[in-house]
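Undergrad: As input, take protein-v2.pdb (PDB, C-alpha atoms):
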ATOM      1  CA  MET O   1      16.079  13.052  30.189
ATOM      2  CA  ASN O   2      13.233  11.468  28.320
ATOM      3  CA  THR O   3      11.985   8.324  30.003
ATOM      4  CA  ALA O   4       8.392   9.028  29.042
ATOM      5  CA  ALA O   5       8.188   5.781  27.079
ATOM      6  CA  TYR O   6       6.713   3.059  29.243
ATOM      7  CA  ARG O   7       9.007   0.080  29.553
ATOM      8  CA  GLN O   8       8.336  -3.102  31.492
ATOM      9  CA  GLY O   9      10.057  -6.449  31.791
ATOM     10  CA  PRO O  10      11.092  -9.239  34.118
ATOM     11  CA  SER O  11      13.060  -8.196  37.169
ATOM     12  CA  PHE O  12      15.454 -11.157  37.258
ATOM     13  CA  ALA O  13      17.748 -12.559  34.584
ATOM     14  CA  PRO O  14      17.061 -15.974  33.032
ATOM     15  CA  GLY O  15      20.244 -17.394  34.556
ATOM     16  CA  ALA O  16      19.157 -16.252  38.011
ATOM     17  CA  LYS O  17      15.771 -17.917  37.488
ATOM     18  CA  VAL O  18      17.426 -21.171  36.406
ATOM     19  CA  ALA O  19      19.799 -21.059  39.390
ATOM     20  CA  ALA O  20      16.876 -20.413  41.760
ATOM     21  CA  THR O  21      14.933 -23.298  40.225
ATOM     22  CA  LEU O  22      17.892 -25.660  40.575
ATOM     23  CA  LEU O  23      18.357 -24.636  44.203
ATOM     24  CA  MET O  24      14.649 -25.177  44.917
ATOM     25  CA  LEU O  25      14.777 -28.622  43.292
ATOM     26  CA  LEU O  26      17.851 -29.499  45.353
ATOM     27  CA  LEU O  27      16.144 -28.278  48.524
ATOM     28  CA  ALA O  28      12.999 -30.292  47.720
ATOM     29  CA  ALA O  29      15.063 -33.423  46.999
ATOM     30  CA  MET O  30      16.924 -33.053  50.283
ATOM     31  CA  ALA O  31      13.654 -32.572  52.172
ATOM     32  CA  TRP O  32      12.125 -35.617  50.487
ATOM     33  CA  ARG O  33      15.187 -37.748  51.188
ATOM     34  CA  ASN O  34      15.261 -36.789  54.871
ATOM     35  CA  ALA O  35      11.504 -36.718  55.524
ATOM     36  CA  ASP O  36      11.574 -40.041  57.380
ATOM     37  CA  HIS O  37      14.654 -39.266  59.490
ATOM     38  CA  PRO O  38      14.186 -40.399  63.114
ATOM     39  CA  ALA O  39      15.260 -37.016  64.485
ATOM     40  CA  LEU O  40      12.273 -35.355  62.809
ATOM     41  CA  ARG O  41       9.855 -37.505  64.821
ATOM     42  CA  GLN O  42      11.312 -36.097  68.029
ATOM     43  CA  LEU O  43      10.702 -32.459  67.124
ATOM     44  CA  SER O  44       7.971 -30.574  68.930
ATOM     45  CA  ALA O  45       4.992 -29.061  67.137
ATOM     46  CA  PRO O  46       6.267 -25.440  67.453
ATOM     47  CA  VAL O  47       9.594 -26.400  65.868
ATOM     48  CA  LEU O  48       7.833 -28.145  62.975
ATOM     49  CA  LEU O  49       5.589 -25.104  62.564
ATOM     50  CA  LEU O  50       8.680 -22.886  62.435
ATOM     51  CA  ALA O  51      10.221 -25.161  59.775
ATOM     52  CA  LEU O  52       7.024 -24.973  57.689
ATOM     53  CA  LEU O  53       6.992 -21.193  58.041
ATOM     54  CA  ALA O  54      10.621 -21.046  56.863
ATOM     55  CA  ALA O  55       9.731 -23.253  53.883
ATOM     56  CA  ALA O  56       6.830 -20.924  53.021
ATOM     57  CA  ILE O  57       9.132 -17.889  53.144
ATOM     58  CA  VAL O  58      11.649 -19.598  50.842
ATOM     59  CA  ALA O  59       8.848 -20.573  48.432
ATOM     60  CA  ALA O  60       7.514 -16.996  48.401
ATOM     61  CA  GLY O  61      10.985 -15.662  47.605
ATOM     62  CA  TYR O  62      11.322 -18.162  44.778
ATOM     63  CA  TRP O  63       7.919 -17.161  43.390
ATOM     64  CA  SER O  64       9.019 -13.526  43.538
ATOM     65  CA  VAL O  65      12.169 -14.259  41.526
ATOM     66  CA  LEU O  66      10.103 -15.991  38.849
ATOM     67  CA  ARG O  67       7.177 -13.559  38.624
ATOM     68  CA  SER O  68       8.307 -10.023  39.524
ATOM     69  CA  HIS O  69       8.411  -7.262  36.904
ATOM     70  CA  THR O  70      10.061  -3.865  36.830
ATOM     71  CA  ALA O  71       8.528  -0.903  34.990
ATOM     72  CA  ILE O  72       9.687   2.646  34.323
ATOM     73  CA  ASP O  73       7.923   5.572  32.701
ATOM     74  CA  GLY O  74       8.133   9.352  32.779
ATOM     75  CA  ALA O  75       6.756   9.562  36.316
ATOM     76  CA  GLU O  76       8.028   6.628  38.360
ATOM     77  CA  ILE O  77       9.944   3.397  38.596
ATOM     78  CA  ARG O  78       8.237   0.407  40.178
ATOM     79  CA  GLN O  79       8.795  -3.259  40.818
ATOM     80  CA  ILE O  80       5.789  -5.540  41.135
ATOM     81  CA  GLY O  81       6.270  -8.801  42.992
ATOM     82  CA  LEU O  82       6.310 -10.160  46.524
ATOM     83  CA  LEU O  83       7.301  -6.789  48.000
ATOM     84  CA  PRO O  84       6.143  -4.084  45.573
ATOM     85  CA  ARG O  85       8.255  -0.924  45.401
ATOM     86  CA  ARG O  86       7.510   2.419  43.832
ATOM     87  CA  VAL O  87       9.520   5.652  43.669
ATOM     88  CA  ALA O  88       8.513   8.803  41.808
ATOM     89  CA  LEU O  89      11.321  10.081  39.571
ATOM     90  CA  ALA O  90      10.865  13.559  41.083
ATOM     91  CA  ASP O  91      11.676  12.152  44.558
ATOM     92  CA  ILE O  92      15.001  10.579  43.567
ATOM     93  CA  ALA O  93      17.965  12.102  45.382
ATOM     94  CA  GLN O  94      20.674   9.623  44.347
ATOM     95  CA  LEU O  95      21.028   6.686  41.930
ATOM     96  CA  LYS O  96      23.529   3.895  41.581
ATOM     97  CA  LEU O  97      23.379   1.314  38.797
ATOM     98  CA  VAL O  98      25.147  -1.908  39.786
ATOM     99  CA  ARG O  99      25.877  -4.368  37.003
ATOM    100  CA  LEU O 100      28.503  -6.782  35.738
ATOM    101  CA  ARG O 101      28.760  -6.244  32.002
ATOM    102  CA  GLY O 102      28.759  -9.516  30.116
ATOM    103  CA  LEU O 103      27.199 -11.400  33.028
ATOM    104  CA  GLU O 104      23.746  -9.797  32.936
ATOM    105  CA  TRP O 105      22.287 -13.195  31.994
ATOM    106  CA  LEU O 106      23.314 -14.532  35.430
ATOM    107  CA  VAL O 107      23.845 -11.566  37.765
ATOM    108  CA  THR O 108      20.834  -9.316  37.483
ATOM    109  CA  PRO O 109      21.617  -5.584  37.182
ATOM    110  CA  ARG O 110      20.085  -3.495  39.922
ATOM    111  CA  LEU O 111      19.317   0.143  40.452
ATOM    112  CA  VAL O 112      19.792   1.408  44.004
ATOM    113  CA  VAL O 113      17.636   4.500  44.528
ATOM    114  CA  ARG O 114      17.819   6.885  47.444
ATOM    115  CA  ALA O 115      14.612   8.904  47.536
ATOM    116  CA  ARG O 116      13.966  12.043  49.536
ATOM    117  CA  GLY O 117      12.329  11.050  52.787
ATOM    118  CA  LEU O 118      11.643   7.488  51.630
ATOM    119  CA  GLY O 119      14.966   5.741  52.280
ATOM    120  CA  THR O 120      16.672   3.387  49.857
ATOM    121  CA  SER O 121      15.018   0.989  47.395
ATOM    122  CA  THR O 122      16.559  -1.566  45.049
ATOM    123  CA  PHE O 123      15.014  -2.314  41.672
ATOM    124  CA  TYR O 124      16.179  -5.333  39.649
ATOM    125  CA  CYS O 125      16.310  -4.772  35.874
ATOM    126  CA  ALA O 126      16.805  -7.840  33.674
ATOM    127  CA  ASP O 127      14.898  -6.588  30.613
ATOM    128  CA  ALA O 128      17.034  -4.792  27.996
ATOM    129  CA  GLY O 129      14.460  -2.029  27.439
ATOM    130  CA  VAL O 130      14.106  -1.312  31.151
ATOM    131  CA  LEU O 131      17.888  -1.418  31.531
ATOM    132  CA  ASP O 132      18.270   1.130  28.698
ATOM    133  CA  ALA O 133      15.784   3.451  30.408
ATOM    134  CA  VAL O 134      17.568   2.995  33.744
ATOM    135  CA  GLU O 135      20.935   3.760  32.122
ATOM    136  CA  GLN O 136      19.418   6.863  30.587
ATOM    137  CA  LEU O 137      18.133   7.884  34.008
ATOM    138  CA  SER O 138      21.456   7.099  35.708
ATOM    139  CA  TYR O 139      23.900   8.525  33.189
ATOM    140  CA  GLY O 140      21.754  11.099  31.401
ATOM    141  CA  ARG O 141      22.539   9.726  27.951
ATOM    142  CA  PRO O 142      20.097  10.124  25.059
ATOM    143  CA  PRO O 143      17.375   7.481  24.932
ATOM    144  CA  PRO O 144      17.719   4.620  22.443
ATOM    145  CA  PRO O 145      15.352   4.660  19.465
ATOM    146  CA  PRO O 146      12.080   2.857  20.163
ATOM    147  CA  THR O 147      11.749  -0.652  18.807
ATOM    148  CA  ASP O 148       8.564  -2.292  17.624
ATOM    149  CA  ALA O 149       8.632  -5.680  19.300
TER     150      ALA O 149
END
Once more with this new file: its structure as structure tokens, please.

TA:
Amino acid sequence: MNTAAYRQGPSFAPGAKVAATLLMLLLAAMAWRNADHPALRQLSAPVLLLALLAAAIVAAGYWSVLRSHTAIDGAEIRQIGLLPRRVALADIAQLKLVRLRGLEWLVTPRLVVRARGLGTSTFYCADAGVLDAVEQLSYGRPPPPPTDA
């Protein structure tokens, strides 16, 4: 297995990013439309604080979908985003590549990694180069020829 070539790319597929953006716009429109609802004036301060905290968590998840990147090289696989993950290739005990061929543009392929003593981690792989390296790691097939892009 030769994954020594460094590959990096976005973690989530373009279709997933568009769907997340549409859902965020819908959520914002619903919040705007209902901002002056009389029931909201009756809520206590702790409940409003909880609602703002929930909105911040949703916004952080959305940011993570838009900005996270997955990278693989000869030593480790890592995902950089809201919750960074890192697993050394030498520590991997079991791999499972989950993907729907033909729908990668919408349903992001993911690599589920069980590492010795570290539990299970999931890495999302939307970039074709990263996905090729992950397939090579999962199935042990020869690496694709490098491309100059």

Undergrad: Mind giving me the straight-line distance from CA of Ala39 in chain O to CA of Leu27 in chain O in Å, one decimal?

TA: 18.2 Å

Undergrad: In Å, rounded to a single decimal, give me how far CA of Gly61 in chain O is from CA of Phe123 in chain O.

TA: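 Answer for the CA of Phe123 in chain O to CA of Gly61 in chain O separation: 15.2 Å.
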
Undergrad: List the residues matched by the PyMOL selection byres ((chain O and resi 65-77) around 6) in the displayed structure as number ranges by chain, ordered by chain and then by residue number.

TA: O: 3-11, 62-64, 78-81, 86-89

Undergrad: Compare O:Leu106, O:Leu26, O:Ala56, O:Ala93 by their minimum atom-to-atom distance to Gly119 in chain O, counting all atoms listed in the file, and give me the closest one.

TA: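 Using all atoms listed in the file, the shortest distance to Gly119 in chain O belongs to O:Ala93.
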
Undergrad: I'd like the interatomic distance between CA of Arg85 in chain O and CA of Cys125 in chain O, to a tenth of an Å.

TA: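 Separating CA of Arg85 in chain O from CA of Cys125 in chain O is a distance of 13.1 Å.
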
Undergrad: Might you pull out every residue within 10 Å of Pro109 in chain O, with all atoms listed in the file counted and same-chain residues fewer than 6 positions away left off, and present them as a PDB file with C-alpha atoms, keeping the file's coordinate frame?

TA:
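Okay, part-v2.pdb is ready:
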ATOM      1  CA  SER O  11      13.060  -8.196  37.169  1.00  0.00           C
ATOM      2  CA  PHE O  12      15.454 -11.157  37.258  1.00  0.00           C
ATOM      3  CA  ALA O  13      17.748 -12.559  34.584  1.00  0.00           C
ATOM      4  CA  LEU O  97      23.379   1.314  38.797  1.00  0.00           C
ATOM      5  CA  VAL O  98      25.147  -1.908  39.786  1.00  0.00           C
ATOM      6  CA  ARG O  99      25.877  -4.368  37.003  1.00  0.00           C
ATOM      7  CA  LEU O 100      28.503  -6.782  35.738  1.00  0.00           C
ATOM      8  CA  ARG O 101      28.760  -6.244  32.002  1.00  0.00           C
ATOM      9  CA  LEU O 103      27.199 -11.400  33.028  1.00  0.00           C
ATOM     10  CA  PHE O 123      15.014  -2.314  41.672  1.00  0.00           C
ATOM     11  CA  TYR O 124      16.179  -5.333  39.649  1.00  0.00           C
ATOM     12  CA  CYS O 125      16.310  -4.772  35.874  1.00  0.00           C
ATOM     13  CA  ALA O 126      16.805  -7.840  33.674  1.00  0.00           C
ATOM     14  CA  ASP O 127      14.898  -6.588  30.613  1.00  0.00           C
ATOM     15  CA  LEU O 131      17.888  -1.418  31.531  1.00  0.00           C
TER      16      LEU O 131
END

Undergrad: Near Thr120 in chain O, counting all atoms listed in the file, which residues have an atom at most 10 Å away, once you skip same-chain residues fewer than 5 positions from it, shown as a PDB file with C-alpha atoms, keeping the file's coordinate frame?

TA:
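Ended up saving to part23.pdb:
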ATOM      1  CA  VAL O  87       9.520   5.652  43.669  1.00  0.00           C
ATOM      2  CA  ILE O  92      15.001  10.579  43.567  1.00  0.00           C
ATOM      3  CA  ALA O  93      17.965  12.102  45.382  1.00  0.00           C
ATOM      4  CA  GLN O  94      20.674   9.623  44.347  1.00  0.00           C
ATOM      5  CA  LEU O  95      21.028   6.686  41.930  1.00  0.00           C
ATOM      6  CA  VAL O 112      19.792   1.408  44.004  1.00  0.00           C
ATOM      7  CA  VAL O 113      17.636   4.500  44.528  1.00  0.00           C
ATOM      8  CA  ARG O 114      17.819   6.885  47.444  1.00  0.00           C
ATOM      9  CA  ALA O 115      14.612   8.904  47.536  1.00  0.00           C
TER      10      ALA O 115
END

Undergrad: Kindly indicate which residue among O:Lys96, O:Arg33, O:Arg41, O:Arg116 lies nearest to Leu137 in chain O, using only C-alpha atoms for the distances.

TA: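 Ranked by minimum distance to Leu137 in chain O, first place goes to O:Lys96.
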
Undergrad: Here is a test: counting all atoms listed in the file, which residue of O:Ala128, O:Val134, O:Leu22, O:Ala16 is nearest to Arg110 in chain O?

TA: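 Closest to Arg110 in chain O, using all atoms listed in the file: O:Val134.
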